[in-house]
Each structure stands twice: as structure tokens, then as C-alpha cells.
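Enquirer: Below you will find the structure I want to go over with you.
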Amino acid sequence: MSTGVPNPWLRCYFPRPAAARRLVFFPHGGGAASFYRRLARDLPEDVEGMVVQYPGREDRIGEPCCTDMPGLVEPLAKALTQLDDKPVWFFGHSMGASVAYEVTLLLGTAGEALPKRLIVSGRPGPARQRPDDKHLDDERLWNDVCRLGGTDARLLELPGLRELTLPMLRADYRLVGTYRPGTGRDLSVPVSVCYGAEDPDVEAADAAAWAEATSARTELTTFPGGHFYLRDPAHEELTHWLSARLRGQHRQTHTDPAGRNRE
């Protein structure tokens with residue numbers, strides 16, 4: 001795929017036509033492509049970062065948001081098949097981890113060799129995910145957004161912001177809250193699992209449960225910070241971690257369901 005080809009689902013802020021591979025970022029619930037601009041910029045020069053843009057935000061603000069997982073992943077998976085000209089890795093954070101997981105399953109069923117590795121961040125393994133109904137109560141939903149810290153607290157206090165963003169947030173929370181993942185070992189690609197040590201919603205056992213979702217290798221890495229560790233304080237550490245794996249300069253480990261890393 002040429003990065004100049006229009007694709008409503010993907011943003012490439014720093015085109016690198018000569019790159020050897022691509023890393024595709026899948027945003028969190030309530031998130032948009034621009035949040036991952038910094039991470040895409042700081043990838044190694046031989047890796048092209050691309051970011052998924054969900055409907056209903058930023059330059060797709062006029063489109064209806066997706067409120068269920070199939071409605072999101074089916075057209076997204078189709079769009080990602082355009083990236084089959086070089087190796088691709090997926091990185092999904094929070095809701096984006098589940099979206100990347102479901103897209104990987106769908107592409108595998110279709111016989112597509114995408115991705116070569118799945119990186120999931122800030123999300124329990126499928127077997128430990130639970131439904132919730134925060135999308136039914138705007139006050140609970142807004143308080144949860146504030147609690148997780150993905151948006152600067154000063155921005156959350158801006159007049160009118162709540163009314164502007166609630167429809168999109170409600171759609172994403174509904175998508176996650178009503179999602180029912182499979183619990184089998186359905187993946188056949190390596191999975192790297194990341195989470196913040198102070199994440200209030202993801203404990204070590206939750207993160208380690210991703211090992212139950214794939215028949216390939218897994219690894220588990222903890223970073224300093226909370227649910228949005230990838231912004232700060234661990235942005236630099238995360239970019240070094242990503243660079244080492246993209247270049248193959250790390251020791252492969254396997255994480256068993258108890259959370260232990262093994263050579």
C-alpha cells in the first residue's frame with residue numbers, strides 16, 4: 001500500500017515509504033488517532049507508524065460512531081488488508097487491545113497474514129474481561145473518564161466539552177461494555193502484553209491471562225504509571241521497548257497463565 005492512498009480508517013503522520021515494516025496503533029475508548037502521533041513519530045526510522053481513526057471523532061466527526069464490535073472490526077479489517085505489501089504489527093491500548101485482537105482473529109479466518117505480532121496494552125485477557133453498563137449512566141461514564149486520566153484534567157473542565165464528547169464516549173463504552181470475547185486459544189501469532197503498574201483496572205493476573213488466547217509465544221511487561229502509562233511517565237521507556245522488539249534486539253520469553261516469564 002502506498003501511504004498516499006486515501007483510507008478513511010488510517011492516518012500516517014510521518015510517511016516512511018522505505019520502511020521495512022509498519023506498526024498500526026488502535027486507540028483506546030474515547031481516543032482518536034492524534035493521541036498516538038508522538039508514539040508514531042518516535043518509532044525507529046525503518047518502521048512506519050500508522051494509526052486507526054475510528055468513526056465519530058476528529059476528521060470523521062460527521063460519521064456515526066460504532067456501538068458494537070462487529071460493526072467496527074469488519075470494515076476496519078477490510079481496510080487493513082491494504083497493508084499486505086510489508087510486515088505489519090498491531091498495537092492496541094485498552095479498548096483498542098480488544099479491537100486489535102478481534103481484527104487479528106478476523107484476518108486469520110480470512111487467510112490474511114496480518115499481523116506478525118499483536119501487542120495488547122492496558123486490557124485484561126479475554127477470559128478476564130467482564131461486561132458493564134457504564135454507558136447507561138452519563139455521570140458514571142464521565143467519572144470513569146476522569147478517573148483513568150487519559151485526558152488532561154484542565155481540558156475536562158472546559159465549558160461544553162462534556163456535551164460535545166459524551167455521544168462518542170457513550171458509544172465506545174457501550175461497545176466495550178457489551179462485548180463478549182471468546183475465551184479459547186484462538187490466536188496463532190505472538191502476543192506481547194503491556195500494562196501500567198498502577199493501573200486501577202488491570203492487575204498482573206489480568207494481563208497474564210492473554211497467554212490463554214494464543215498458541216504462540218507471549219511476554220508480559222510492566223511499565224511505571226497508571227492506565228495511560230504510554231503517554232507519561234513511561235513514554236520514553238515504551239518507545240525503547242518497542243524499538244528493541246521491532247529490531248529483534250530482545251530475549252524472547254513466554255508467559256504462562258500464572259504470569260511467570262519463561263525463556
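If you're wondering about the labels, chains in the C-alpha cells are A, B, ... by order shown, residues count from 1 in each chain, ligands from 1 in order shown.
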Check segment 79-139 of chain A with DSSP on the backbone and list each residue it calls alpha helix (DSSP H), as a list of chain:residue names.

Expert: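 For segment 79-139 of chain A, the alpha helix (DSSP H) set is A:Ala79, A:Leu80, A:Met95, A:Gly96, A:Ala97, A:Ser98, A:Val99, A:Ala100, A:Tyr101, A:Glu102, A:Val103, A:Thr104, A:Leu105, A:Leu106, A:Leu107, A:Gly108, A:Thr109, A:Asp138, A:Glu139.
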
Enquirer: Find the residues around segment 68-78 of chain A up to 9 Å (only C-alpha atoms counted), leave out those fewer than 3 positions away in its own chain, and share them as a PDB file with N, CA and C atoms, in the first residue's frame.

Expert:
ATOM      1  N   TRP A   9      -9.828   4.898   7.362  1.00  0.00           N
ATOM      2  CA  TRP A   9      -9.559   4.227   8.631  1.00  0.00           C
ATOM      3  C   TRP A   9      -8.141   4.441   9.154  1.00  0.00           C
ATOM      4  N   VAL A  52      -5.101   3.914  13.545  1.00  0.00           N
ATOM      5  CA  VAL A  52      -6.507   3.746  13.170  1.00  0.00           C
ATOM      6  C   VAL A  52      -7.301   4.974  13.629  1.00  0.00           C
ATOM      7  N   TYR A  54     -11.131   5.819  14.293  1.00  0.00           N
ATOM      8  CA  TYR A  54     -12.498   5.325  14.372  1.00  0.00           C
ATOM      9  C   TYR A  54     -13.476   6.400  13.878  1.00  0.00           C
ATOM     10  N   PRO A  55     -14.650   6.001  13.400  1.00  0.00           N
ATOM     11  CA  PRO A  55     -15.664   6.995  13.025  1.00  0.00           C
ATOM     12  C   PRO A  55     -16.121   7.806  14.230  1.00  0.00           C
ATOM     13  N   CYS A  65     -20.751   6.929  15.241  1.00  0.00           N
ATOM     14  CA  CYS A  65     -19.840   6.043  15.967  1.00  0.00           C
ATOM     15  C   CYS A  65     -20.341   4.605  15.894  1.00  0.00           C
ATOM     16  N   THR A  81      -6.304  -4.770   5.050  1.00  0.00           N
ATOM     17  CA  THR A  81      -5.723  -5.692   4.065  1.00  0.00           C
ATOM     18  C   THR A  81      -4.902  -4.929   3.019  1.00  0.00           C
ATOM     19  N   GLN A  82      -5.069  -3.610   2.928  1.00  0.00           N
ATOM     20  CA  GLN A  82      -4.268  -2.798   2.016  1.00  0.00           C
ATOM     21  C   GLN A  82      -2.799  -2.727   2.453  1.00  0.00           C
ATOM     22  N   SER A  98      -8.739  -4.870  22.509  1.00  0.00           N
ATOM     23  CA  SER A  98      -9.801  -5.793  22.106  1.00  0.00           C
ATOM     24  C   SER A  98     -10.110  -5.661  20.618  1.00  0.00           C
ATOM     25  N   VAL A  99     -10.086  -4.428  20.105  1.00  0.00           N
ATOM     26  CA  VAL A  99     -10.336  -4.222  18.676  1.00  0.00           C
ATOM     27  C   VAL A  99      -9.234  -4.896  17.855  1.00  0.00           C
ATOM     28  N   ALA A 100      -7.975  -4.698  18.245  1.00  0.00           N
ATOM     29  CA  ALA A 100      -6.856  -5.310  17.520  1.00  0.00           C
ATOM     30  C   ALA A 100      -6.939  -6.834  17.584  1.00  0.00           C
ATOM     31  N   GLU A 102      -9.707  -8.694  17.927  1.00  0.00           N
ATOM     32  CA  GLU A 102     -10.795  -9.159  17.068  1.00  0.00           C
ATOM     33  C   GLU A 102     -10.443  -9.012  15.588  1.00  0.00           C
ATOM     34  N   VAL A 103      -9.747  -7.945  15.217  1.00  0.00           N
ATOM     35  CA  VAL A 103      -9.310  -7.779  13.833  1.00  0.00           C
ATOM     36  C   VAL A 103      -8.323  -8.883  13.460  1.00  0.00           C
ATOM     37  N   THR A 104      -7.421  -9.216  14.378  1.00  0.00           N
ATOM     38  CA  THR A 104      -6.456 -10.287  14.129  1.00  0.00           C
ATOM     39  C   THR A 104      -7.171 -11.613  13.907  1.00  0.00           C
ATOM     40  N   LEU A 106     -10.250 -12.020  12.848  1.00  0.00           N
ATOM     41  CA  LEU A 106     -10.996 -11.948  11.596  1.00  0.00           C
ATOM     42  C   LEU A 106     -10.073 -12.096  10.390  1.00  0.00           C
ATOM     43  N   LEU A 107      -8.914 -11.442  10.427  1.00  0.00           N
ATOM     44  CA  LEU A 107      -7.966 -11.555   9.321  1.00  0.00           C
ATOM     45  C   LEU A 107      -7.423 -12.981   9.216  1.00  0.00           C
ATOM     46  N   ALA A 171     -20.807   5.777  23.028  1.00  0.00           N
ATOM     47  CA  ALA A 171     -20.745   4.719  22.010  1.00  0.00           C
ATOM     48  C   ALA A 171     -19.600   3.758  22.294  1.00  0.00           C
ATOM     49  N   ASP A 172     -18.429   4.293  22.639  1.00  0.00           N
ATOM     50  CA  ASP A 172     -17.277   3.441  22.914  1.00  0.00           C
ATOM     51  C   ASP A 172     -17.492   2.603  24.170  1.00  0.00           C
ATOM     52  N   ARG A 174     -20.328   1.690  25.365  1.00  0.00           N
ATOM     53  CA  ARG A 174     -21.317   0.660  25.048  1.00  0.00           C
ATOM     54  C   ARG A 174     -20.653  -0.490  24.292  1.00  0.00           C
ATOM     55  N   LEU A 175     -19.791  -0.167  23.340  1.00  0.00           N
ATOM     56  CA  LEU A 175     -19.098  -1.203  22.570  1.00  0.00           C
ATOM     57  C   LEU A 175     -18.309  -2.131  23.499  1.00  0.00           C
ATOM     58  N   VAL A 176     -17.553  -1.532  24.421  1.00  0.00           N
ATOM     59  CA  VAL A 176     -16.740  -2.333  25.338  1.00  0.00           C
ATOM     60  C   VAL A 176     -17.615  -3.061  26.359  1.00  0.00           C
ATOM     61  N   THR A 178     -20.650  -4.145  26.215  1.00  0.00           N
ATOM     62  CA  THR A 178     -21.496  -5.225  25.705  1.00  0.00           C
ATOM     63  C   THR A 178     -20.701  -6.274  24.932  1.00  0.00           C
ATOM     64  N   TYR A 179     -19.404  -6.090  24.834  1.00  0.00           N
ATOM     65  CA  TYR A 179     -18.542  -7.008  24.082  1.00  0.00           C
ATOM     66  C   TYR A 179     -18.368  -8.320  24.844  1.00  0.00           C
TER      67      TYR A 179
END

Enquirer: Which neighbours of segment 33-38 of chain A fall inside 8 Å, counting only C-alpha atoms, when residues of the same chain fewer than 5 positions from it are skipped, and could you give them as a list of chain:residue names?

Expert: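 Within the cut-off, the hits are A:Arg11, A:Tyr13, A:Phe25, A:Pro27, A:Val51, A:Val52, A:Gln53, A:Tyr54.
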
Enquirer: Suppose we keep C-alpha atoms; can you now write the selection as an mmCIF file, in the first residue's frame?

Expert:
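Here's the written file out_39.cif:
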data_model
loop_
_atom_site.group_PDB
_atom_site.id
_atom_site.type_symbol
_atom_site.label_atom_id
_atom_site.label_comp_id
_atom_site.auth_asym_id
_atom_site.auth_seq_id
_atom_site.Cartn_x
_atom_site.Cartn_y
_atom_site.Cartn_z
ATOM 1 C CA ARG A 11 -3.631 8.045 9.486
ATOM 2 C CA TYR A 13 1.523 11.306 10.253
ATOM 3 C CA PHE A 25 -1.925 1.658 16.594
ATOM 4 C CA PRO A 27 -6.778 3.795 20.004
ATOM 5 C CA VAL A 51 -2.929 4.942 13.482
ATOM 6 C CA VAL A 52 -6.507 3.746 13.170
ATOM 7 C CA GLN A 53 -9.110 6.512 13.127
ATOM 8 C CA TYR A 54 -12.498 5.325 14.372
#

Enquirer: Could you check which of A:Leu136, A:Leu118, A:Val47, A:Ala234 is closest to Arg217 of chain A, using only C-alpha atoms?

Expert: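 Counting only C-alpha atoms, the residue closest to Arg217 of chain A is A:Leu118.
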
Enquirer: If we count only C-alpha atoms, what is near segment 158-169 of chain A at a cut-off of 12 Å, once residues fewer than 2 positions away on the same chain are taken out, given as JSON, numbers by chain?

Expert: {"A": [28, 29, 30, 31, 32, 54, 55, 56, 57, 58, 60, 61, 62, 63, 64, 65, 66, 67, 95, 134, 135, 136, 137, 138, 139, 140, 141, 142, 143, 144, 145, 146, 151, 152, 153, 154, 155, 156, 171, 172, 173, 174, 175, 176, 177]}

Enquirer: Can I get the selection written as a JSON list (two decimals), in the first residue's frame, with C-alpha atoms?

Expert:
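Saved file out15.json follows:
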[["chain", "number", "residue", "atom", "x", "y", "z"],
["A", 28, "HIS", "CA", -8.46, 3.43, 23.37],
["A", 29, "GLY", "CA", -12.14, 4.11, 24.07],
["A", 30, "GLY", "CA", -12.80, 7.84, 23.66],
["A", 31, "GLY", "CA", -9.45, 8.16, 21.89],
["A", 32, "ALA", "CA", -8.54, 9.38, 18.42],
["A", 54, "TYR", "CA", -12.50, 5.32, 14.37],
["A", 55, "PRO", "CA", -15.66, 7.00, 13.03],
["A", 56, "GLY", "CA", -17.17, 9.85, 15.01],
["A", 57, "ARG", "CA", -14.03, 11.76, 16.05],
["A", 58, "GLU", "CA", -11.60, 14.37, 14.69],
["A", 60, "ARG", "CA", -14.51, 11.69, 10.96],
["A", 61, "ILE", "CA", -16.68, 13.63, 13.40],
["A", 62, "GLY", "CA", -19.60, 13.69, 10.96],
["A", 63, "GLU", "CA", -19.84, 9.89, 10.82],
["A", 64, "PRO", "CA", -21.86, 7.82, 13.29],
["A", 65, "CYS", "CA", -19.84, 6.04, 15.97],
["A", 66, "CYS", "CA", -19.78, 2.26, 16.08],
["A", 67, "THR", "CA", -21.57, 0.83, 19.10],
["A", 95, "MET", "CA", -10.48, -0.80, 24.07],
["A", 134, "LYS", "CA", -21.48, 2.49, 32.45],
["A", 135, "HIS", "CA", -22.79, 3.59, 29.05],
["A", 136, "LEU", "CA", -26.29, 3.74, 30.56],
["A", 137, "ASP", "CA", -25.37, 6.45, 33.06],
["A", 138, "ASP", "CA", -23.64, 9.61, 31.80],
["A", 139, "GLU", "CA", -22.45, 10.60, 35.27],
["A", 140, "ARG", "CA", -20.77, 7.23, 35.91],
["A", 141, "LEU", "CA", -19.29, 7.29, 32.43],
["A", 142, "TRP", "CA", -17.82, 10.80, 32.81],
["A", 143, "ASN", "CA", -16.42, 9.99, 36.24],
["A", 144, "ASP", "CA", -14.71, 6.93, 34.78],
["A", 145, "VAL", "CA", -13.10, 9.02, 32.04],
["A", 146, "CYS", "CA", -11.78, 11.42, 34.68],
["A", 151, "THR", "CA", -7.30, 13.50, 29.18],
["A", 152, "ASP", "CA", -5.68, 16.50, 30.86],
["A", 153, "ALA", "CA", -7.83, 17.44, 33.87],
["A", 154, "ARG", "CA", -7.82, 21.09, 32.75],
["A", 155, "LEU", "CA", -9.37, 20.11, 29.42],
["A", 156, "LEU", "CA", -12.08, 18.11, 31.15],
["A", 171, "ALA", "CA", -20.75, 4.72, 22.01],
["A", 172, "ASP", "CA", -17.28, 3.44, 22.91],
["A", 173, "TYR", "CA", -18.31, 2.48, 26.44],
["A", 174, "ARG", "CA", -21.32, 0.66, 25.05],
["A", 175, "LEU", "CA", -19.10, -1.20, 22.57],
["A", 176, "VAL", "CA", -16.74, -2.33, 25.34],
["A", 177, "GLY", "CA", -19.44, -2.95, 27.94]]

Enquirer: I'd like to know which of A:Arg16, A:Arg22, A:Lys116, A:Arg41 is closest to Thr239 of chain A, using only C-alpha atoms.

Expert: A:Arg41

Enquirer: I need the strand (DSSP E or B) residues of segment 14-223 of chain A per DSSP on the backbone, written as number ranges by chain.

Expert: A: 21-26, 47-52, 88-93, 117-121, 187, 191-196, 214, 218-223

Enquirer: Determine, counting only C-alpha atoms, which protein, DNA and RNA residues have an atom within 10 Å of an atom of Glu212 of chain A; residues of the same chain fewer than 3 positions away are not included. Present the result as a short mmCIF file (atom, residue, chain, number, x, y, z; two decimals) with N, CA and C atoms, in the first residue's frame.

Expert:
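This went into selection.cif:
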data_model
loop_
_atom_site.label_atom_id
_atom_site.label_comp_id
_atom_site.auth_asym_id
_atom_site.auth_seq_id
_atom_site.Cartn_x
_atom_site.Cartn_y
_atom_site.Cartn_z
N GLY A 125 -6.83 -10.00 29.73
CA GLY A 125 -7.01 -11.04 28.73
C GLY A 125 -8.48 -11.34 28.52
N PRO A 126 -8.85 -11.89 27.36
CA PRO A 126 -10.27 -12.12 27.05
C PRO A 126 -11.04 -12.87 28.13
N ALA A 127 -10.43 -13.87 28.74
CA ALA A 127 -11.13 -14.66 29.74
C ALA A 127 -11.44 -13.89 31.02
N THR A 183 -13.03 -17.18 24.63
CA THR A 183 -12.05 -17.48 25.67
C THR A 183 -11.12 -18.63 25.29
N GLY A 184 -11.12 -19.01 24.02
CA GLY A 184 -10.26 -20.10 23.59
C GLY A 184 -8.88 -19.60 23.16
N ARG A 185 -8.00 -20.53 22.87
CA ARG A 185 -6.66 -20.20 22.39
C ARG A 185 -6.74 -20.07 20.87
N ASP A 186 -7.39 -18.98 20.41
CA ASP A 186 -7.75 -18.85 19.00
C ASP A 186 -6.67 -18.17 18.15
N LEU A 187 -5.77 -17.44 18.77
CA LEU A 187 -4.71 -16.77 18.02
C LEU A 187 -3.56 -17.72 17.75
N ALA A 208 -1.62 -11.22 32.42
CA ALA A 208 -1.04 -12.53 32.09
C ALA A 208 -2.05 -13.45 31.42
N ALA A 209 -3.35 -13.19 31.60
CA ALA A 209 -4.38 -14.05 31.02
C ALA A 209 -4.40 -14.01 29.50
N SER A 215 -1.78 -19.68 20.81
CA SER A 215 -0.95 -20.88 20.85
C SER A 215 0.52 -20.54 20.62
N ALA A 216 0.80 -19.27 20.33
CA ALA A 216 2.18 -18.82 20.10
C ALA A 216 2.76 -18.24 21.39
N THR A 218 4.04 -15.64 24.27
CA THR A 218 3.59 -14.39 24.86
C THR A 218 4.69 -13.86 25.77
N THR A 255 5.03 -16.28 28.61
CA THR A 255 4.33 -16.06 29.86
C THR A 255 3.24 -17.11 30.02
N ASP A 256 3.32 -17.86 31.11
CA ASP A 256 2.27 -18.85 31.33
C ASP A 256 1.08 -18.17 32.01
N PRO A 257 -0.04 -18.86 32.14
CA PRO A 257 -1.22 -18.23 32.71
C PRO A 257 -1.07 -17.72 34.13
#

Enquirer: Which residues come within 9 Å of Pro200 of chain A, counting only C-alpha atoms, excluding same-chain residues fewer than 3 positions away, as JSON, numbers by chain?

Expert: {"A": [148, 196, 197, 203, 226, 227]}

Enquirer: May I have the residues within 10 Å of Arg247 of chain A as a ChimeraX atom specification, using only C-alpha atoms and disregarding those fewer than 4 positions away in the same chain?

Expert: /A:44,46-47,242-243

Enquirer: Ranking A:Val88, A:Ala207, A:Leu83, A:Leu220 by minimum distance to Arg21 of chain A and counting only C-alpha atoms, which one comes first?

Expert: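 The shortest atom-to-atom distance to Arg21 of chain A comes from A:Val88.
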